[in-house]
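The file model_33.pdb comes next; it holds PDB, C-alpha atoms.
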```pdb
ATOM      1  CA  MET V  15       9.054   9.005   8.663
ATOM      2  CA  ARG V  16       8.577  12.053   6.497
ATOM      3  CA  LEU V  17       5.119  11.271   5.150
ATOM      4  CA  PRO V  18       2.445  10.318   7.675
ATOM      5  CA  LEU V  19       0.494   7.135   7.131
ATOM      6  CA  ILE V  20      -2.858   7.972   5.594
ATOM      7  CA  PRO V  21      -5.881   6.611   7.493
ATOM      8  CA  VAL V  22      -8.303   4.878   5.133
ATOM      9  CA  GLU V  23     -11.084   7.372   5.907
ATOM     10  CA  LYS V  24      -8.832  10.286   4.852
ATOM     11  CA  LEU V  25      -8.007   8.900   1.382
ATOM     12  CA  SER V  26      -9.198  10.935  -1.598
ATOM     13  CA  PRO V  27     -11.294   9.058  -4.187
ATOM     14  CA  GLU V  28      -8.195   8.777  -6.423
ATOM     15  CA  GLN V  29      -6.100   7.484  -3.526
ATOM     16  CA  HIS V  30      -8.838   5.090  -2.427
ATOM     17  CA  ALA V  31      -8.975   3.374  -5.826
ATOM     18  CA  ILE V  32      -5.205   2.795  -5.766
ATOM     19  CA  TYR V  33      -5.371   1.790  -2.095
ATOM     20  CA  GLN V  34      -7.891  -0.954  -2.880
ATOM     21  CA  ASP V  35      -5.680  -2.329  -5.653
ATOM     22  CA  MET V  36      -2.550  -2.115  -3.482
ATOM     23  CA  ARG V  37      -4.246  -3.766  -0.517
ATOM     24  CA  ALA V  38      -5.414  -6.662  -2.692
ATOM     25  CA  GLY V  39      -1.901  -7.076  -4.132
ATOM     26  CA  ILE V  40      -0.285  -6.923  -0.698
ATOM     27  CA  GLY V  41      -2.602  -9.675   0.503
ATOM     28  CA  GLN V  42      -1.780 -11.803  -2.518
ATOM     29  CA  LYS V  43       1.976 -11.330  -2.948
ATOM     30  CA  PHE V  44       3.481  -9.216  -0.145
ATOM     31  CA  ASN V  45       2.166 -11.001   2.936
ATOM     32  CA  ALA V  46       5.327 -12.332   4.617
ATOM     33  CA  PHE V  47       5.917  -9.031   6.416
ATOM     34  CA  VAL V  48       3.944  -6.189   7.997
ATOM     35  CA  ALA V  49       2.697  -3.812   5.315
ATOM     36  CA  ILE V  50      -0.693  -2.780   6.694
ATOM     37  CA  ARG V  51      -1.229  -1.081  10.041
ATOM     38  CA  ASP V  52      -4.055  -2.401  12.256
ATOM     39  CA  ASP V  53      -6.299   0.473  11.144
ATOM     40  CA  GLY V  54      -5.762  -0.384   7.465
ATOM     41  CA  ALA V  55      -3.182   2.307   6.628
ATOM     42  CA  LEU V  56      -0.526   1.100   4.196
ATOM     43  CA  MET V  57       3.097   1.055   5.321
ATOM     44  CA  GLY V  58       6.390   0.607   3.472
ATOM     45  CA  PRO V  59       6.680   2.103  -0.016
ATOM     46  CA  TRP V  60       2.927   1.966  -0.527
ATOM     47  CA  ASN V  61       2.326   4.951   1.776
ATOM     48  CA  PRO V  62       4.558   7.379  -0.178
ATOM     49  CA  TRP V  63       3.012   6.095  -3.403
ATOM     50  CA  LEU V  64      -0.461   6.915  -2.051
ATOM     51  CA  HIS V  65       0.663  10.477  -1.267
ATOM     52  CA  GLU V  66       1.288  11.016  -5.006
ATOM     53  CA  PRO V  67      -1.443   8.937  -6.665
ATOM     54  CA  ALA V  68      -0.480   9.534 -10.321
ATOM     55  CA  ILE V  69       3.127   8.521  -9.690
ATOM     56  CA  GLY V  70       2.184   5.884  -7.143
ATOM     57  CA  LYS V  71      -0.246   4.204  -9.520
ATOM     58  CA  ALA V  72       2.427   3.967 -12.228
ATOM     59  CA  ILE V  73       4.990   2.506  -9.812
ATOM     60  CA  TRP V  74       2.406   0.107  -8.388
ATOM     61  CA  ASN V  75       1.483  -1.089 -11.882
ATOM     62  CA  LEU V  76       5.167  -1.778 -12.567
ATOM     63  CA  THR V  77       5.495  -3.536  -9.204
ATOM     64  CA  LYS V  78       2.500  -5.744 -10.011
ATOM     65  CA  ALA V  79       3.894  -6.631 -13.439
ATOM     66  CA  MET V  80       7.293  -7.469 -11.940
ATOM     67  CA  SER V  81       5.835  -9.476  -9.032
ATOM     68  CA  MET V  82       2.655 -11.122 -10.185
ATOM     69  CA  GLU V  83       3.808 -12.005 -13.673
ATOM     70  CA  ALA V  84       7.372 -12.947 -12.752
ATOM     71  CA  SER V  85       9.145 -15.705 -14.620
ATOM     72  CA  LEU V  86      12.399 -15.623 -12.639
ATOM     73  CA  PRO V  87      12.769 -18.255  -9.909
ATOM     74  CA  ASP V  88      11.791 -16.841  -6.512
ATOM     75  CA  ASN V  89      15.202 -17.519  -4.951
ATOM     76  CA  ALA V  90      16.969 -15.615  -7.738
ATOM     77  CA  ARG V  91      14.475 -12.747  -7.390
ATOM     78  CA  GLN V  92      15.021 -12.487  -3.646
ATOM     79  CA  ILE V  93      18.790 -12.515  -4.061
ATOM     80  CA  ALA V  94      18.639  -9.672  -6.608
ATOM     81  CA  ILE V  95      16.258  -7.681  -4.386
ATOM     82  CA  LEU V  96      18.403  -8.196  -1.277
ATOM     83  CA  VAL V  97      21.577  -7.208  -3.145
ATOM     84  CA  THR V  98      19.834  -4.004  -4.206
ATOM     85  CA  GLY V  99      18.383  -3.248  -0.784
ATOM     86  CA  ALA V 100      21.717  -3.945   0.936
ATOM     87  CA  HIS V 101      23.566  -1.685  -1.515
ATOM     88  CA  PHE V 102      21.269   1.235  -0.697
ATOM     89  CA  ARG V 103      20.871   0.234   2.968
ATOM     90  CA  ALA V 104      17.097   0.475   2.515
ATOM     91  CA  ALA V 105      15.937  -0.782   5.915
ATOM     92  CA  TYR V 106      12.308  -1.590   5.043
ATOM     93  CA  GLU V 107      13.298  -3.340   1.817
ATOM     94  CA  ILE V 108      15.820  -5.505   3.680
ATOM     95  CA  TYR V 109      13.286  -6.190   6.449
ATOM     96  CA  ALA V 110      10.556  -7.183   3.997
ATOM     97  CA  HIS V 111      12.635  -9.346   1.693
ATOM     98  CA  VAL V 112      14.503 -11.067   4.521
ATOM     99  CA  ALA V 113      11.044 -12.083   5.762
ATOM    100  CA  VAL V 114      10.107 -13.406   2.300
ATOM    101  CA  ALA V 115      13.413 -15.267   1.955
ATOM    102  CA  GLU V 116      13.075 -16.749   5.458
ATOM    103  CA  ARG V 117       9.557 -17.930   4.629
ATOM    104  CA  ASP V 118      10.954 -19.560   1.505
ATOM    105  CA  GLY V 119      13.674 -21.332   3.507
ATOM    106  CA  MET V 120      16.793 -19.238   2.846
ATOM    107  CA  SER V 121      19.402 -19.879   5.531
ATOM    108  CA  GLU V 122      20.389 -17.282   8.118
ATOM    109  CA  GLU V 123      24.005 -17.512   6.958
ATOM    110  CA  ARG V 124      23.064 -16.701   3.383
ATOM    111  CA  LEU V 125      20.807 -13.849   4.463
ATOM    112  CA  ALA V 126      23.497 -12.402   6.703
ATOM    113  CA  THR V 127      26.030 -12.552   3.876
ATOM    114  CA  LEU V 128      23.675 -10.899   1.385
ATOM    115  CA  CYS V 129      22.663  -8.170   3.838
ATOM    116  CA  ALA V 130      26.365  -7.488   4.481
ATOM    117  CA  GLY V 131      26.777  -6.821   0.762
ATOM    118  CA  GLU V 132      28.789  -9.974   0.120
ATOM    119  CA  LYS V 133      28.265 -12.907  -2.236
ATOM    120  CA  PRO V 134      27.409 -16.203  -0.536
ATOM    121  CA  VAL V 135      29.646 -19.116  -1.559
ATOM    122  CA  ASP V 136      26.805 -21.643  -1.857
ATOM    123  CA  LEU V 137      24.771 -20.083  -4.687
ATOM    124  CA  SER V 138      23.381 -22.141  -7.556
ATOM    125  CA  ARG V 139      24.154 -21.124 -11.153
ATOM    126  CA  GLU V 140      20.916 -19.116 -11.401
ATOM    127  CA  GLU V 141      21.331 -17.517  -7.978
ATOM    128  CA  SER V 142      24.919 -16.566  -8.812
ATOM    129  CA  ALA V 143      23.794 -14.983 -12.083
ATOM    130  CA  ALA V 144      21.119 -12.972 -10.237
ATOM    131  CA  TYR V 145      23.654 -11.834  -7.641
ATOM    132  CA  ASP V 146      26.234 -10.819 -10.256
ATOM    133  CA  VAL V 147      23.749  -8.854 -12.380
ATOM    134  CA  ALA V 148      22.301  -7.026  -9.375
ATOM    135  CA  ALA V 149      25.733  -6.273  -7.885
ATOM    136  CA  ALA V 150      27.069  -4.991 -11.206
ATOM    137  CA  LEU V 151      24.021  -2.806 -11.906
ATOM    138  CA  VAL V 152      23.891  -1.153  -8.483
ATOM    139  CA  SER V 153      27.622  -0.443  -8.735
ATOM    140  CA  GLY V 154      26.944   1.769 -11.766
ATOM    141  CA  GLY V 155      27.963   1.725 -15.384
ATOM    142  CA  VAL V 156      27.126  -0.629 -18.226
ATOM    143  CA  LEU V 157      26.381  -4.224 -17.279
ATOM    144  CA  PRO V 158      29.505  -6.140 -18.395
ATOM    145  CA  ARG V 159      28.937  -8.385 -21.406
ATOM    146  CA  PRO V 160      30.078 -11.616 -19.655
ATOM    147  CA  THR V 161      27.669 -10.940 -16.767
ATOM    148  CA  TYR V 162      24.846 -10.240 -19.201
ATOM    149  CA  ASP V 163      25.644 -13.379 -21.219
ATOM    150  CA  VAL V 164      25.608 -15.550 -18.088
ATOM    151  CA  ALA V 165      22.174 -14.131 -17.181
ATOM    152  CA  VAL V 166      20.815 -14.874 -20.662
ATOM    153  CA  ALA V 167      22.232 -18.423 -20.449
ATOM    154  CA  ALA V 168      20.684 -18.917 -16.989
ATOM    155  CA  PHE V 169      17.266 -17.339 -17.564
ATOM    156  CA  GLY V 170      16.787 -16.897 -21.318
ATOM    157  CA  GLN V 171      16.418 -13.482 -22.926
ATOM    158  CA  HIS V 172      13.073 -12.727 -21.310
ATOM    159  CA  GLY V 173      14.339 -13.706 -17.858
ATOM    160  CA  ALA V 174      17.529 -11.656 -18.240
ATOM    161  CA  ASN V 175      15.417  -8.664 -19.283
ATOM    162  CA  GLU V 176      13.161  -9.206 -16.278
ATOM    163  CA  LEU V 177      16.181  -9.341 -13.970
ATOM    164  CA  VAL V 178      17.472  -5.973 -15.210
ATOM    165  CA  TYR V 179      14.007  -4.414 -14.763
ATOM    166  CA  LEU V 180      13.684  -6.004 -11.308
ATOM    167  CA  VAL V 181      16.917  -4.438 -10.104
ATOM    168  CA  GLY V 182      15.798  -1.079 -11.536
ATOM    169  CA  LEU V 183      12.431  -1.336  -9.783
ATOM    170  CA  TYR V 184      14.056  -2.107  -6.444
ATOM    171  CA  CYS V 185      16.475   0.785  -6.897
ATOM    172  CA  LEU V 186      13.348   2.955  -7.169
ATOM    173  CA  VAL V 187      11.793   1.244  -4.150
ATOM    174  CA  SER V 188      15.032   1.803  -2.185
ATOM    175  CA  MET V 189      15.075   5.489  -3.108
ATOM    176  CA  THR V 190      11.432   5.830  -2.067
ATOM    177  CA  LEU V 191      12.094   4.172   1.284
ATOM    178  CA  ASN V 192      15.286   6.103   1.985
ATOM    179  CA  GLY V 193      14.047   9.431   0.658
ATOM    180  CA  PHE V 194      10.978   9.366   2.887
ATOM    181  CA  ASN V 195      12.758   7.669   5.823
ATOM    182  CA  VAL V 196      10.246   4.809   5.920
ATOM    183  CA  PRO V 197      10.630   2.921   9.209
ATOM    184  CA  VAL V 198      10.762  -0.807   9.787
ATOM    185  CA  PRO V 199       7.926  -2.251  11.882
ATOM    186  CA  GLU V 200       8.925  -4.052  15.058
ATOM    187  CA  ARG V 201       9.316  -7.807  14.610
ATOM    188  CA  GLU V 202       7.598 -10.135  17.025
TER     189      GLU V 202
END
```
Translate the structure described by the file into structure tokens.
Amino acid sequence: MRLPLIPVEKLSPEQHAIYQDMRAGIGQKFNAFVAIRDDGALMGPWNPWLHEPAIGKAIWNLTKAMSMEASLPDNARQIAILVTGAHFRAAYEIYAHVAVAERDGMSEERLATLCAGEKPVDLSREESAAYDVAAALVSGGVLPRPTYDVAVAAFGQHGANELVYLVGLYCLVSMTLNGFNVPVPERE
């Protein structure tokens, strides 16, 4: 880990304000995995974001908008996030979103296939659209028109837009995690 976890008592006033907001959001939406150390220090991408409060606050606000005001079905969201995390081999992202998907009942076989960077054969129409959009975007280049059209048909224009932004956000999260070598907590 390249940036040490910041103990709560060492946070600047600017960091503390963001910390409070992040901690509340983690408790509300990101609670299927370990994100807070026993002493209250934030783990995962939240720690690097706290180290740069102006940037971290902007990314956190985007994360909140994409998570707490999401219209995409949760299973489609998790598939897109796992495709992105697997592409970048972002260990904490995979750890966290496997935990969310397990909590929501995703099978081990499906999770293993997604984490291996492959498309599961048992996806619904919406899940398949989420997989295809995420896989195409992380591969680079313009999203192919047929893939885009299938996403609009599956989720509507707003949902297709949200899916593109979601993949972009988790590319940023992956880069944060990989760039700062954020470790995965031990699982019990």
Note to self: Please determine, counting only C-alpha atoms, which residue among V:Val196, V:Val187, V:Val178, V:Leu64 has the shortest atom-to-atom distance to Asp35 in chain V.
What the structure shows: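 Nearest candidate to Asp35 in chain V out of V:Val196, V:Val187, V:Val178, V:Leu64: V:Leu64.
One finds CA of Ile93 in chain V at 10.9 Å from CA of Ile108 in chain V.
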Can you list every residue of range 53-114 of chain V that has an atom at most 12 Å from range 18-34 of chain V, with its nearest atom pair and the distance in Å to one decimal, using only C-alpha atoms, ordered by chain then number, as a tab-separated table?
```
residue	atom	partner	partner_atom	distance
V:Asp53	CA	V:Pro21	CA	7.2
V:Gly54	CA	V:Val22	CA	6.3
V:Ala55	CA	V:Pro21	CA	5.2
V:Leu56	CA	V:Leu19	CA	6.8
V:Met57	CA	V:Leu19	CA	6.9
V:Gly58	CA	V:Leu19	CA	9.5
V:Pro59	CA	V:Leu19	CA	10.7
V:Trp60	CA	V:Tyr33	CA	8.4
V:Asn61	CA	V:Leu19	CA	6.1
V:Pro62	CA	V:Leu19	CA	8.4
V:Trp63	CA	V:Ile32	CA	9.2
V:Leu64	CA	V:Gln29	CA	5.9
V:His65	CA	V:Gln29	CA	7.7
V:Glu66	CA	V:Gln29	CA	8.3
V:Pro67	CA	V:Gln29	CA	5.8
V:Ala68	CA	V:Glu28	CA	8.7
V:Ile69	CA	V:Ile32	CA	10.8
V:Gly70	CA	V:Ile32	CA	8.1
V:Lys71	CA	V:Ile32	CA	6.4
V:Ala72	CA	V:Ile32	CA	10.1
V:Ile73	CA	V:Ile32	CA	11.0
V:Trp74	CA	V:Ile32	CA	8.5
V:Asn75	CA	V:Ile32	CA	9.9
```
Can you write just those residues out, C-alpha atoms, as a PDB file, keeping the file's coordinate frame?
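Resulting contents of part_14.pdb:
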```pdb
ATOM      1  CA  ASP V  53      -6.299   0.473  11.144  1.00  0.00           C
ATOM      2  CA  GLY V  54      -5.762  -0.384   7.465  1.00  0.00           C
ATOM      3  CA  ALA V  55      -3.182   2.307   6.628  1.00  0.00           C
ATOM      4  CA  LEU V  56      -0.526   1.100   4.196  1.00  0.00           C
ATOM      5  CA  MET V  57       3.097   1.055   5.321  1.00  0.00           C
ATOM      6  CA  GLY V  58       6.390   0.607   3.472  1.00  0.00           C
ATOM      7  CA  PRO V  59       6.680   2.103  -0.016  1.00  0.00           C
ATOM      8  CA  TRP V  60       2.927   1.966  -0.527  1.00  0.00           C
ATOM      9  CA  ASN V  61       2.326   4.951   1.776  1.00  0.00           C
ATOM     10  CA  PRO V  62       4.558   7.379  -0.178  1.00  0.00           C
ATOM     11  CA  TRP V  63       3.012   6.095  -3.403  1.00  0.00           C
ATOM     12  CA  LEU V  64      -0.461   6.915  -2.051  1.00  0.00           C
ATOM     13  CA  HIS V  65       0.663  10.477  -1.267  1.00  0.00           C
ATOM     14  CA  GLU V  66       1.288  11.016  -5.006  1.00  0.00           C
ATOM     15  CA  PRO V  67      -1.443   8.937  -6.665  1.00  0.00           C
ATOM     16  CA  ALA V  68      -0.480   9.534 -10.321  1.00  0.00           C
ATOM     17  CA  ILE V  69       3.127   8.521  -9.690  1.00  0.00           C
ATOM     18  CA  GLY V  70       2.184   5.884  -7.143  1.00  0.00           C
ATOM     19  CA  LYS V  71      -0.246   4.204  -9.520  1.00  0.00           C
ATOM     20  CA  ALA V  72       2.427   3.967 -12.228  1.00  0.00           C
ATOM     21  CA  ILE V  73       4.990   2.506  -9.812  1.00  0.00           C
ATOM     22  CA  TRP V  74       2.406   0.107  -8.388  1.00  0.00           C
ATOM     23  CA  ASN V  75       1.483  -1.089 -11.882  1.00  0.00           C
TER      24      ASN V  75
END
```
Next item on the list: Can you work out which one of V:Ala110, V:Ala174, V:Cys185, V:Met120 has the shortest atom-to-atom distance to Ala49 in chain V, counting all atoms listed in the file?
Entry: V:Ala110
Notebook entry, point to check: Which one is closest to Tyr179 in chain V: V:Val114, V:Pro160, V:Ile95, V:Pro197? Count all atoms listed in the file.
Noted result: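 Smallest separation from Tyr179 in chain V among the options: V:Ile95.
Selection result for the displayed file, with the PyMOL selection byres ((chain V and resi 99) around 9) as criterion, is V:Ala94, V:Ile95, V:Leu96, V:Val97, V:Thr98, V:Ala100, V:His101, V:Phe102, V:Arg103, V:Ala104, V:Ala105, V:Tyr106, V:Glu107, V:Ile108, V:His111, V:Cys129, V:Tyr184, V:Cys185, V:Val187, V:Ser188.
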Next item on the list: Step by step: start from the point (-1.9, -12.3, -5.4) in the file's coordinates, keep every protein, DNA or RNA residue that has an atom no farther than 12 Å from it, count all atoms listed in the file, and write the set as an MDAnalysis selection string.
Entry: chainID V and resid 35:45 78:79 81:84
Next item on the list: For CA of Met15 in chain V and CA of Glu116 in chain V, determine how far apart the two atoms are, in Å to one decimal place.
Entry: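 Atom-to-atom, CA of Met15 in chain V to CA of Glu116 in chain V, that is 26.3 Å.
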